[in-house]
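Visitor: File follows, model-v1.cif with mmCIF, C-alpha atoms:
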data_target
#
loop_
_atom_site.label_atom_id
_atom_site.label_comp_id
_atom_site.auth_asym_id
_atom_site.auth_seq_id
_atom_site.Cartn_x
_atom_site.Cartn_y
_atom_site.Cartn_z
CA MET A 1 -4.22 8.40 24.53
CA ARG A 2 -5.25 10.20 27.72
CA ALA A 3 -8.36 11.52 25.98
CA GLN A 4 -9.44 7.97 25.19
CA ILE A 5 -8.32 6.13 28.34
CA GLY A 6 -8.78 8.87 30.89
CA ASP A 7 -6.47 10.68 33.29
CA VAL A 8 -5.20 7.58 35.08
CA LEU A 9 -1.90 6.14 36.23
CA ILE A 10 -0.36 3.41 34.12
CA THR A 11 -0.69 1.09 37.13
CA ASP A 12 -4.48 1.55 36.91
CA LEU A 13 -4.55 -0.16 33.52
CA ASP A 14 -5.50 -3.78 33.07
CA ALA A 15 -6.05 -6.01 30.03
CA SER A 16 -9.72 -5.06 29.81
CA ARG A 17 -9.03 -1.32 29.64
CA VAL A 18 -6.24 -1.82 27.09
CA ASP A 19 -8.56 -3.93 24.90
CA HIS A 20 -11.28 -1.29 25.13
CA TYR A 21 -8.80 1.39 24.06
CA THR A 22 -7.29 -0.57 21.17
CA HIS A 23 -10.79 -1.47 19.94
CA LYS A 24 -11.62 2.23 19.58
CA ILE A 25 -8.30 2.91 17.84
CA GLU A 26 -8.85 -0.01 15.46
CA ARG A 27 -12.28 1.27 14.42
CA ARG A 28 -10.90 4.70 13.63
CA TYR A 29 -7.37 4.07 12.35
CA GLY A 30 -7.05 0.34 11.68
CA GLY A 31 -5.60 -2.68 13.45
CA ALA A 32 -1.94 -1.91 12.75
CA VAL A 33 -2.19 1.47 14.49
CA ALA A 34 -4.07 -0.10 17.40
CA ASP A 35 -1.27 -2.62 17.89
CA GLN A 36 1.29 0.18 17.76
CA GLN A 37 -0.56 1.94 20.58
CA LYS A 38 -0.61 -1.28 22.61
CA ALA A 39 3.14 -1.64 22.08
CA LEU A 40 3.59 1.94 23.34
CA ILE A 41 1.66 1.13 26.53
CA SER A 42 3.79 -1.98 27.00
CA ASN A 43 7.02 0.00 26.58
CA LEU A 44 5.85 2.66 29.03
CA TRP A 45 5.00 -0.05 31.58
CA GLU A 46 8.36 -1.78 31.18
CA GLU A 47 10.15 1.53 31.64
CA ALA A 48 8.03 2.63 34.61
CA LYS A 49 8.08 -0.60 36.61
CA ASP A 50 11.73 -0.19 37.57
CA HIS A 51 11.17 3.20 39.19
CA VAL A 52 10.68 3.26 42.93
CA GLU A 53 7.84 5.78 42.60
CA ILE A 54 5.74 3.20 40.73
CA ASN A 55 3.79 0.87 43.00
CA ARG A 56 2.65 -2.00 40.77
CA LYS A 57 0.78 -3.70 43.63
CA GLY A 58 1.72 -7.06 42.16
CA LYS A 59 0.28 -6.29 38.73
CA ILE A 60 1.89 -7.52 35.53
CA ASN A 61 2.17 -5.75 32.19
CA PRO A 62 -1.46 -4.85 31.29
CA THR A 63 -0.91 -5.57 27.59
CA LEU A 64 -0.28 -9.27 28.21
CA ASP A 65 -3.19 -11.48 27.16
CA THR A 66 -4.81 -8.66 25.17
CA LYS A 67 -6.19 -8.91 21.66
CA VAL A 68 -4.03 -8.60 18.57
CA ARG A 69 -5.87 -6.18 16.30
CA TYR A 70 -3.87 -6.66 13.13
CA ARG A 71 -2.91 -9.95 11.56
CA VAL A 72 -1.09 -10.25 8.26
CA LYS A 73 -3.49 -11.70 5.74
CA LYS A 74 -2.55 -13.39 2.53
CA GLN A 75 -0.78 -10.70 0.55
CA THR A 76 -2.84 -9.29 -2.28
CA LYS A 77 -1.47 -10.29 -5.65
CA GLU A 78 -0.40 -7.21 -7.57
CA TRP A 79 -1.63 -6.93 -11.13
CA SER A 80 1.20 -7.82 -13.45
CA ALA A 81 1.91 -5.49 -16.36
CA GLU A 82 0.72 -8.22 -18.78
CA ALA A 83 -2.56 -8.83 -16.92
CA HIS A 84 -3.19 -5.10 -16.60
CA GLU A 85 -2.62 -4.53 -20.31
CA ALA A 86 -4.85 -7.47 -21.27
CA PHE A 87 -7.64 -6.20 -19.04
CA LEU A 88 -7.55 -2.68 -20.47
CA ALA A 89 -7.46 -4.03 -24.02
CA THR A 90 -10.50 -6.28 -23.66
CA ALA A 91 -12.83 -4.96 -20.94
CA ARG A 92 -15.77 -2.64 -21.55
CA SER A 93 -15.23 1.06 -20.89
CA THR A 94 -17.08 1.05 -17.55
CA LEU A 95 -14.56 -1.48 -16.21
CA THR A 96 -11.48 0.16 -17.72
CA LEU A 97 -12.50 3.48 -16.19
CA ALA A 98 -12.85 1.76 -12.83
CA ALA A 99 -9.43 0.15 -13.28
CA ASP A 100 -7.86 3.49 -14.18
CA LEU A 101 -9.40 5.22 -11.17
CA LEU A 102 -8.37 2.43 -8.79
CA TYR A 103 -4.81 2.25 -10.11
CA PHE A 104 -4.02 5.94 -10.52
CA THR A 105 -5.46 6.91 -7.13
CA GLY A 106 -4.30 3.82 -5.21
CA GLN A 107 -7.59 3.78 -3.32
CA ARG A 108 -9.70 0.94 -1.99
CA GLY A 109 -12.72 -0.15 -3.99
CA GLY A 110 -15.13 1.06 -1.30
CA TYR A 111 -13.96 4.62 -1.85
CA ALA A 112 -13.52 4.43 -5.63
CA THR A 113 -17.14 3.40 -6.20
CA LYS A 114 -18.27 6.51 -4.29
CA VAL A 115 -16.04 9.10 -5.98
CA ARG A 116 -18.17 12.03 -7.12
CA TRP A 117 -17.49 14.44 -9.93
CA SER A 118 -17.70 17.18 -7.32
CA ASP A 119 -14.68 15.62 -5.53
CA ILE A 120 -12.50 16.49 -8.53
CA SER A 121 -11.35 20.03 -9.23
CA GLU A 122 -8.54 22.01 -10.82
CA ALA A 123 -6.00 23.51 -8.44
CA ASP A 124 -2.79 25.49 -8.56
CA THR A 125 0.31 23.43 -7.82
CA GLU A 126 4.05 24.03 -8.04
CA ASN A 127 3.85 22.63 -11.57
CA GLY A 128 0.91 24.76 -12.67
CA LYS A 129 -2.77 23.90 -12.75
CA ARG A 130 -3.50 20.21 -12.15
CA TRP A 131 -6.57 18.12 -11.51
CA VAL A 132 -6.84 16.99 -7.89
CA LEU A 133 -9.08 14.61 -5.99
CA ARG A 134 -10.17 15.23 -2.42
CA VAL A 135 -10.16 11.88 -0.65
CA VAL A 136 -11.51 10.97 2.79
CA GLN A 137 -10.87 7.28 3.19
CA GLN A 138 -13.75 5.22 4.50
CA LYS A 139 -11.60 2.74 6.45
CA THR A 140 -9.29 5.19 8.21
CA GLY A 141 -11.09 8.54 7.91
CA LYS A 142 -7.80 9.95 6.63
CA ALA A 143 -8.11 13.03 4.41
CA LEU A 144 -5.87 13.12 1.35
CA TRP A 145 -5.12 15.69 -1.33
CA HIS A 146 -4.39 13.64 -4.42
CA GLN A 147 -3.05 15.13 -7.65
CA LEU A 148 -4.31 12.96 -10.49
CA PRO A 149 -1.65 11.47 -12.77
CA ASP A 150 -1.86 12.79 -16.32
CA PRO A 151 -3.39 9.67 -17.95
CA LEU A 152 -6.32 9.65 -15.51
CA ALA A 153 -6.79 13.43 -15.63
CA GLU A 154 -6.85 13.32 -19.42
CA ARG A 155 -9.40 10.52 -19.49
CA LEU A 156 -11.69 12.17 -16.96
CA ARG A 157 -11.47 15.42 -18.90
CA HIS A 158 -13.16 13.73 -21.86
CA GLU A 159 -15.28 11.17 -20.01
CA PRO A 160 -19.05 11.62 -20.37
CA HIS A 161 -20.93 12.17 -17.12
CA VAL A 162 -23.16 9.10 -17.35
CA SER A 163 -24.19 9.80 -13.79
CA GLU A 164 -24.46 13.43 -12.76
CA GLU A 165 -23.13 12.51 -9.34
CA PHE A 166 -20.81 9.47 -9.44
CA VAL A 167 -17.77 8.96 -11.66
CA LEU A 168 -18.03 5.17 -11.90
CA THR A 169 -21.13 3.49 -13.29
CA ASN A 170 -21.95 -0.04 -14.39
CA ALA A 171 -23.14 -1.35 -17.76
CA TRP A 172 -26.69 -0.25 -16.91
CA LYS A 173 -25.52 3.34 -16.40
CA ARG A 174 -26.11 3.21 -12.66
CA PRO A 175 -23.59 3.69 -9.85
CA TRP A 176 -22.00 0.48 -8.56
CA ALA A 177 -24.02 -0.93 -5.67
CA SER A 178 -20.84 -1.75 -3.74
CA ALA A 179 -17.15 -2.46 -4.05
CA SER A 180 -17.94 -6.18 -3.88
CA VAL A 181 -20.11 -5.98 -7.00
CA LEU A 182 -17.35 -4.15 -8.88
CA ASN A 183 -14.80 -6.71 -7.69
CA HIS A 184 -16.95 -9.57 -9.01
CA ALA A 185 -17.29 -7.82 -12.37
CA ILE A 186 -13.51 -7.44 -12.62
CA THR A 187 -12.75 -11.05 -11.65
CA ARG A 188 -15.44 -12.33 -14.05
CA HIS A 189 -13.80 -10.46 -16.91
CA PHE A 190 -10.40 -11.89 -16.03
CA ARG A 191 -11.90 -15.39 -16.10
CA ARG A 192 -13.50 -14.60 -19.45
CA ILE A 193 -10.09 -13.84 -20.98
CA GLY A 194 -8.41 -16.79 -19.28
CA ILE A 195 -6.46 -14.98 -16.56
CA LYS A 196 -6.69 -16.11 -12.93
CA GLY A 197 -5.50 -14.91 -9.57
CA PHE A 198 -6.16 -11.16 -9.76
CA THR A 199 -8.75 -9.14 -7.83
CA MET A 200 -9.79 -5.52 -7.75
CA HIS A 201 -7.62 -4.83 -4.67
CA GLY A 202 -4.58 -5.94 -6.65
CA LEU A 203 -4.67 -2.59 -8.46
CA ARG A 204 -4.00 -0.79 -5.17
CA ALA A 205 -1.06 -3.13 -4.58
CA ALA A 206 0.16 -2.53 -8.15
CA ALA A 207 0.00 1.23 -7.63
CA ALA A 208 2.05 0.95 -4.43
CA ARG A 209 4.59 -1.27 -6.20
CA ASP A 210 4.99 1.12 -9.11
CA ILE A 211 5.26 4.19 -6.86
CA ALA A 212 8.00 2.42 -4.90
CA SER A 213 9.77 1.36 -8.10
CA SER A 214 9.86 4.99 -9.23
CA GLY A 215 11.79 5.84 -6.06
CA GLY A 216 8.86 7.16 -4.01
CA GLY A 217 9.81 5.21 -0.89
CA THR A 218 7.57 4.68 2.13
CA ASP A 219 6.38 8.29 2.31
CA GLY A 220 5.59 8.29 -1.40
CA VAL A 221 3.48 5.16 -1.13
CA LYS A 222 1.61 6.52 1.91
CA SER A 223 0.93 9.85 0.19
CA ILE A 224 -0.95 8.03 -2.57
CA THR A 225 -2.56 5.04 -0.88
CA GLY A 226 -3.26 6.76 2.44
CA HIS A 227 -1.86 3.93 4.59
CA VAL A 228 -1.76 5.19 8.18
CA SER A 229 0.80 2.62 9.25
CA ASP A 230 4.26 2.39 7.71
CA LYS A 231 4.06 -1.41 7.73
CA LEU A 232 2.62 -2.16 4.29
CA ALA A 233 4.04 0.97 2.69
CA ARG A 234 7.50 0.04 3.96
CA GLN A 235 7.09 -3.47 2.60
CA TYR A 236 6.53 -2.18 -0.94
CA ALA A 237 9.40 0.29 -0.63
CA GLU A 238 11.78 -2.28 0.86
CA ASP A 239 10.92 -4.84 -1.83
CA TYR A 240 11.90 -2.30 -4.45
CA ASP A 241 14.97 -1.12 -2.54
CA GLN A 242 16.23 -4.71 -2.29
CA ARG A 243 15.85 -5.20 -6.05
CA ARG A 244 17.45 -1.82 -6.77
CA VAL A 245 20.40 -2.36 -4.44
CA ASN A 246 20.86 -5.91 -5.70
CA SER A 247 20.86 -4.72 -9.32
CA LEU A 248 23.33 -1.93 -8.60
CA THR A 249 25.56 -4.31 -6.64
CA VAL A 250 25.61 -6.96 -9.36
CA GLU A 251 26.29 -4.37 -12.06
CA ALA A 252 29.19 -3.00 -10.02
CA TRP A 253 30.42 -6.55 -9.51
CA ASN A 254 30.19 -7.21 -13.25
CA ALA A 255 32.21 -4.08 -13.94
CA ASP A 256 34.86 -5.16 -11.45
CA LEU A 257 35.03 -8.65 -12.96
CA ARG A 258 35.42 -7.18 -16.43
CA ARG A 259 38.16 -4.86 -15.20
CA LYS A 260 40.07 -7.71 -13.57
CA ALA A 261 39.67 -9.91 -16.62
CA SER A 262 40.97 -7.19 -18.92
CA ALA A 263 43.94 -6.70 -16.61
CA LYS A 264 44.66 -10.44 -16.79
CA GLN A 265 44.13 -10.73 -13.07
CA ILE A 266 41.58 -13.44 -13.74
CA ALA A 267 42.55 -16.02 -16.32
CA THR A 268 40.03 -17.13 -18.88
CA PRO A 269 38.91 -20.80 -18.79
CA GLU A 270 41.17 -21.55 -21.81
CA GLU A 271 44.14 -19.96 -20.08
CA ARG A 272 43.44 -22.04 -16.97
CA ARG A 273 43.31 -25.25 -19.02
CA ARG A 274 46.52 -24.34 -20.85
CA LYS A 275 48.34 -23.70 -17.56
CA LEU A 276 47.09 -27.01 -16.19
CA ARG A 277 48.40 -28.85 -19.25
CA ILE A 278 51.80 -27.17 -18.86
CA VAL A 279 51.95 -28.09 -15.19
CA GLY A 280 50.88 -31.63 -15.95
#
Step by step, read the file and then write its structure as structure tokens.
Guide:
Amino acid sequence: MRAQIGDVLITDLDASRVDHYTHKIERRYGGAVADQQKALISNLWEEAKDHVEINRKGKINPTLDTKVRYRVKKQTKEWSAEAHEAFLATARSTLTLAADLLYFTGQRGGYATKVRWSDISEADTENGKRWVLRVVQQKTGKALWHQLPDPLAERLRHEPHVSEEFVLTNAWKRPWASASVLNHAITRHFRRIGIKGFTMHGLRAAAARDIASSGGGTDGVKSITGHVSDKLARQYAEDYDQRRVNSLTVEAWNADLRRKASAKQIATPEERRRKLRIVG
């Protein structure tokens, strides 16, 4: 923070300097991280203002009336298992390869369309030799070491190099011009088979969902998707945790109800009616 703002006192900050700082953070790490940094400045100010050594000179918290860098957009609709299966069963191979790469790496379309064969190599891991992808995300600049799941590694092992440089190519055997063009091709195919509501980015969301459902948690999701902030990764993990805990709780409840019923601690509906008739 000092490297970006300068060696100044917190009382030297104003809304303009905070906005300038969070703008630089947003460009490099994303809006969520920028807002986290703003919250840190706000907390430091609130802590410092009560100390006699701090002369605020009438200033208020410098983060007030500053820009919010991250706003929650409409949540991307994850590909359902049925939609995913239908797409893979009906789309041409150039699109199914793109879908496999997007899903099994959890990356954004802007990166996936630029993956080169030279980015993929075999490396020694704790489980033996595995195929890995070196990822430097375009949006965040975050470097990732990504072991490819077996289905993708197996496909790439036998996939012809239509382009000597890029892994993904279109129907004309040329690299995709942009992520937007690939997205349009995917949504057009969905419309062709009568399925609506899914976009290319939904594969990234589906990957995060499935990683969370396998017990990967927030750290597991971040290790695949490369999210810098915990916010979205935690959302996927918490959604799964709620379902998991709910399922375990209901199953335990069912077991307890069965135990009580077998012990005659809870009368059956017929027993209740019979007792009511006797009482009546």
Visitor: So which one's closest to Phe166 of chain A, A:Ser118, A:Gln37, A:Ser178, A:Thr187? Using all atoms listed in the file, please.
Guide: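 Once distances to Phe166 of chain A are computed over all atoms listed in the file, the minimum belongs to A:Ser118.
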Visitor: For each of A:Leu144, A:Ala15, A:Val167, A:Ile25, take the minimum atom-to-atom distance to Ser223 of chain A, counting all atoms listed in the file, then give the residue where this is smallest.
Guide: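 When distances to Ser223 of chain A are compared using all atoms listed in the file, the smallest one comes from A:Leu144.
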Visitor: Point out the residue among A:Ala99, A:Ile60, A:Ile186, A:Leu148 with the least atom-to-atom distance to Glu46 of chain A, counting only C-alpha atoms.
Guide: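 Between A:Ala99, A:Ile60, A:Ile186, A:Leu148, the residue approaching Glu46 of chain A most closely is A:Ile60.
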Visitor: Using the chain letters and numbers from the file, give me the residues hit by the PyMOL selection byres ((chain A and resi 107) around 12), as a compact mmCIF listing (two decimals) with C-alpha atoms, in the frame of the given file.
Guide:
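Now in selection.txt:
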# COMPACT_ATOMS: atom_id res chain seq x y z
CA ALA A 98 -12.85 1.76 -12.83
CA ALA A 99 -9.43 0.15 -13.28
CA ASP A 100 -7.86 3.49 -14.18
CA LEU A 101 -9.40 5.22 -11.17
CA LEU A 102 -8.37 2.43 -8.79
CA TYR A 103 -4.81 2.25 -10.11
CA PHE A 104 -4.02 5.94 -10.52
CA THR A 105 -5.46 6.91 -7.13
CA GLY A 106 -4.30 3.82 -5.21
CA ARG A 108 -9.70 0.94 -1.99
CA GLY A 109 -12.72 -0.15 -3.99
CA GLY A 110 -15.13 1.06 -1.30
CA TYR A 111 -13.96 4.62 -1.85
CA ALA A 112 -13.52 4.43 -5.63
CA THR A 113 -17.14 3.40 -6.20
CA LYS A 114 -18.27 6.51 -4.29
CA VAL A 115 -16.04 9.10 -5.98
CA LEU A 133 -9.08 14.61 -5.99
CA ARG A 134 -10.17 15.23 -2.42
CA VAL A 135 -10.16 11.88 -0.65
CA VAL A 136 -11.51 10.97 2.79
CA GLN A 137 -10.87 7.28 3.19
CA GLN A 138 -13.75 5.22 4.50
CA LYS A 139 -11.60 2.74 6.45
CA THR A 140 -9.29 5.19 8.21
CA LYS A 142 -7.80 9.95 6.63
CA LEU A 144 -5.87 13.12 1.35
CA HIS A 146 -4.39 13.64 -4.42
CA ALA A 179 -17.15 -2.46 -4.05
CA MET A 200 -9.79 -5.52 -7.75
CA HIS A 201 -7.62 -4.83 -4.67
CA GLY A 202 -4.58 -5.94 -6.65
CA LEU A 203 -4.67 -2.59 -8.46
CA ARG A 204 -4.00 -0.79 -5.17
CA ALA A 205 -1.06 -3.13 -4.58
CA ALA A 206 0.16 -2.53 -8.15
CA ALA A 207 0.00 1.23 -7.63
CA ALA A 208 2.05 0.95 -4.43
CA VAL A 221 3.48 5.16 -1.13
CA LYS A 222 1.61 6.52 1.91
CA SER A 223 0.93 9.85 0.19
CA ILE A 224 -0.95 8.03 -2.57
CA THR A 225 -2.56 5.04 -0.88
CA GLY A 226 -3.26 6.76 2.44
CA HIS A 227 -1.86 3.93 4.59
Visitor: Residues around (-21.4, 12.4, -10.4), cut-off 10 Å, counting only C-alpha atoms - what are they as an NGL selection string?
Guide: :A and (114-120 or 161-169 or 175)
Visitor: Report the distance between atom CA of Ile193 of chain A and atom CA of Asp210 of chain A in Å, rounded to one decimal place.
Guide: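 Interatomic distance, atom CA of Ile193 of chain A to atom CA of Asp210 of chain A: 24.3 Å.
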Visitor: Quick one: what's the axis-aligned box for segment 190-200 of chain A, all listed atoms, 3 Å on every side, centre and edges in Å to one decimal, as AutoDock Vina command-line options?
Guide:
--center_x -9.5 --center_y -11.2 --center_z -14.4 --size_x 14.0 --size_y 17.3 --size_z 19.2
Visitor: Write out as a VMD selection string the residues lying within 9 Å of Met1 of chain A, counting only C-alpha atoms and excluding same-chain residues fewer than 3 positions away.
Guide: chain A and resid 4 to 6 21 37
Visitor: Using C-alpha atoms, can you export the residues from the last selection as a PDB file, in the frame of the given file?
Guide:
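So the final result, stored in selection-v8.pdb, reads:
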ATOM      1  CA  GLN A   4      -9.440   7.970  25.190  1.00  0.00           C
ATOM      2  CA  ILE A   5      -8.320   6.130  28.340  1.00  0.00           C
ATOM      3  CA  GLY A   6      -8.780   8.870  30.890  1.00  0.00           C
ATOM      4  CA  TYR A  21      -8.800   1.390  24.060  1.00  0.00           C
ATOM      5  CA  GLN A  37      -0.560   1.940  20.580  1.00  0.00           C
TER       6      GLN A  37
END
Visitor: Which is closest to Arg157 of chain A among A:Glu122, A:Asp19, A:Glu251, A:Glu53, if we use all atoms listed in the file?
Guide: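 The shortest atom-to-atom distance to Arg157 of chain A comes from A:Glu122.
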Visitor: Taking all atoms listed in the file into account, name the residue in A:Arg28, A:His23, A:Lys49, A:Arg17 that is nearest to Pro62 of chain A.
Guide: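 Smallest separation from Pro62 of chain A among the options: A:Arg17.
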Visitor: Using atom CA of Glu154 of chain A and atom CA of Ser121 of chain A as the two end points, give the distance in Å to one decimal.
Guide: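 Atom CA of Glu154 of chain A sits 13.0 Å away from atom CA of Ser121 of chain A.
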Visitor: What is the atom CA of Lys59 of chain A-atom CA of Leu9 of chain A distance in Å, reported with one decimal?
Guide: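 Computing the Euclidean distance for atom CA of Lys59 of chain A and atom CA of Leu9 of chain A yields 12.9 Å.
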Visitor: For a quick check of understanding, using only C-alpha atoms, which of A:Ala48, A:Lys77, A:Ala153, A:Leu64 has the smallest distance to Leu97 of chain A?
Guide: A:Ala153
Visitor: Once the PyMOL selection byres ((chain A and resi 170) around 10) has been evaluated on this model, what residues remain selected, and can you format them as a list of chain:residue names?
Guide: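 When the PyMOL selection byres ((chain A and resi 170) around 10) is applied, the selected residues are A:Arg92, A:Ser93, A:Thr94, A:Leu95, A:Ala98, A:Val162, A:Leu168, A:Thr169, A:Ala171, A:Trp172, A:Lys173, A:Arg174, A:Pro175, A:Trp176, A:Ala177, A:Val181, A:Leu182, A:Ala185.
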Visitor: Applying the PyMOL selection byres ((chain A and resi 66) around 12) to the file I just gave you, which residues come out? Please list them as a ChimeraX atom specification.
Guide: /A:13-23,34-35,38-39,41-42,61-65,67-69
Visitor: Taking C-alpha atoms for each residue, export the selection above as an mmCIF file, in the coordinates of the input.
Guide:
data_model
loop_
_atom_site.group_PDB
_atom_site.id
_atom_site.type_symbol
_atom_site.label_atom_id
_atom_site.label_comp_id
_atom_site.auth_asym_id
_atom_site.auth_seq_id
_atom_site.Cartn_x
_atom_site.Cartn_y
_atom_site.Cartn_z
ATOM 1 C CA LEU A 13 -4.550 -0.160 33.520
ATOM 2 C CA ASP A 14 -5.500 -3.780 33.070
ATOM 3 C CA ALA A 15 -6.050 -6.010 30.030
ATOM 4 C CA SER A 16 -9.720 -5.060 29.810
ATOM 5 C CA ARG A 17 -9.030 -1.320 29.640
ATOM 6 C CA VAL A 18 -6.240 -1.820 27.090
ATOM 7 C CA ASP A 19 -8.560 -3.930 24.900
ATOM 8 C CA HIS A 20 -11.280 -1.290 25.130
ATOM 9 C CA TYR A 21 -8.800 1.390 24.060
ATOM 10 C CA THR A 22 -7.290 -0.570 21.170
ATOM 11 C CA HIS A 23 -10.790 -1.470 19.940
ATOM 12 C CA ALA A 34 -4.070 -0.100 17.400
ATOM 13 C CA ASP A 35 -1.270 -2.620 17.890
ATOM 14 C CA LYS A 38 -0.610 -1.280 22.610
ATOM 15 C CA ALA A 39 3.140 -1.640 22.080
ATOM 16 C CA ILE A 41 1.660 1.130 26.530
ATOM 17 C CA SER A 42 3.790 -1.980 27.000
ATOM 18 C CA ASN A 61 2.170 -5.750 32.190
ATOM 19 C CA PRO A 62 -1.460 -4.850 31.290
ATOM 20 C CA THR A 63 -0.910 -5.570 27.590
ATOM 21 C CA LEU A 64 -0.280 -9.270 28.210
ATOM 22 C CA ASP A 65 -3.190 -11.480 27.160
ATOM 23 C CA LYS A 67 -6.190 -8.910 21.660
ATOM 24 C CA VAL A 68 -4.030 -8.600 18.570
ATOM 25 C CA ARG A 69 -5.870 -6.180 16.300
#
Visitor: Could you rebuild segment 159-171 of chain A with N, CA, C and O atoms and give it back as an mmCIF file, keeping the file's coordinate frame?
Guide:
data_model
loop_
_atom_site.group_PDB
_atom_site.id
_atom_site.type_symbol
_atom_site.label_atom_id
_atom_site.label_comp_id
_atom_site.auth_asym_id
_atom_site.auth_seq_id
_atom_site.Cartn_x
_atom_site.Cartn_y
_atom_site.Cartn_z
ATOM 1 N N GLU A 159 -14.320 12.225 -20.350
ATOM 2 C CA GLU A 159 -15.280 11.170 -20.010
ATOM 3 C C GLU A 159 -16.685 11.740 -19.868
ATOM 4 O O GLU A 159 -16.900 12.737 -19.183
ATOM 5 N N PRO A 160 -17.676 11.132 -20.526
ATOM 6 C CA PRO A 160 -19.050 11.620 -20.370
ATOM 7 C C PRO A 160 -19.558 11.382 -18.953
ATOM 8 O O PRO A 160 -19.210 10.374 -18.325
ATOM 9 N N HIS A 161 -20.367 12.301 -18.459
ATOM 10 C CA HIS A 161 -20.930 12.170 -17.120
ATOM 11 C C HIS A 161 -22.195 11.318 -17.214
ATOM 12 O O HIS A 161 -23.311 11.858 -17.255
ATOM 13 N N VAL A 162 -22.016 10.002 -17.257
ATOM 14 C CA VAL A 162 -23.160 9.100 -17.350
ATOM 15 C C VAL A 162 -24.074 9.302 -16.154
ATOM 16 O O VAL A 162 -25.291 9.341 -16.265
ATOM 17 N N SER A 163 -23.462 9.429 -14.991
ATOM 18 C CA SER A 163 -24.190 9.800 -13.790
ATOM 19 C C SER A 163 -23.799 11.239 -13.456
ATOM 20 O O SER A 163 -22.629 11.601 -13.528
ATOM 21 N N GLU A 164 -24.754 12.041 -13.113
ATOM 22 C CA GLU A 164 -24.460 13.430 -12.760
ATOM 23 C C GLU A 164 -23.679 13.533 -11.461
ATOM 24 O O GLU A 164 -23.008 14.522 -11.204
ATOM 25 N N GLU A 165 -23.760 12.461 -10.650
ATOM 26 C CA GLU A 165 -23.130 12.510 -9.340
ATOM 27 C C GLU A 165 -21.851 11.674 -9.269
ATOM 28 O O GLU A 165 -20.786 12.185 -8.906
ATOM 29 N N PHE A 166 -21.924 10.394 -9.638
ATOM 30 C CA PHE A 166 -20.810 9.470 -9.440
ATOM 31 C C PHE A 166 -19.984 9.282 -10.706
ATOM 32 O O PHE A 166 -20.525 9.221 -11.811
ATOM 33 N N VAL A 167 -18.670 9.145 -10.527
ATOM 34 C CA VAL A 167 -17.770 8.960 -11.660
ATOM 35 C C VAL A 167 -17.923 7.566 -12.261
ATOM 36 O O VAL A 167 -17.999 7.407 -13.480
ATOM 37 N N LEU A 168 -17.964 6.547 -11.415
ATOM 38 C CA LEU A 168 -18.030 5.170 -11.900
ATOM 39 C C LEU A 168 -19.474 4.687 -11.982
ATOM 40 O O LEU A 168 -20.254 4.854 -11.037
ATOM 41 N N THR A 169 -19.799 4.077 -13.103
ATOM 42 C CA THR A 169 -21.130 3.490 -13.290
ATOM 43 C C THR A 169 -20.968 2.113 -13.927
ATOM 44 O O THR A 169 -19.936 1.808 -14.528
ATOM 45 N N ASN A 170 -21.999 1.297 -13.813
ATOM 46 C CA ASN A 170 -21.950 -0.040 -14.390
ATOM 47 C C ASN A 170 -22.509 -0.038 -15.815
ATOM 48 O O ASN A 170 -22.802 1.025 -16.381
ATOM 49 N N ALA A 171 -22.675 -1.232 -16.374
ATOM 50 C CA ALA A 171 -23.140 -1.350 -17.760
ATOM 51 C C ALA A 171 -24.557 -0.836 -17.937
ATOM 52 O O ALA A 171 -24.971 -0.520 -19.061
#
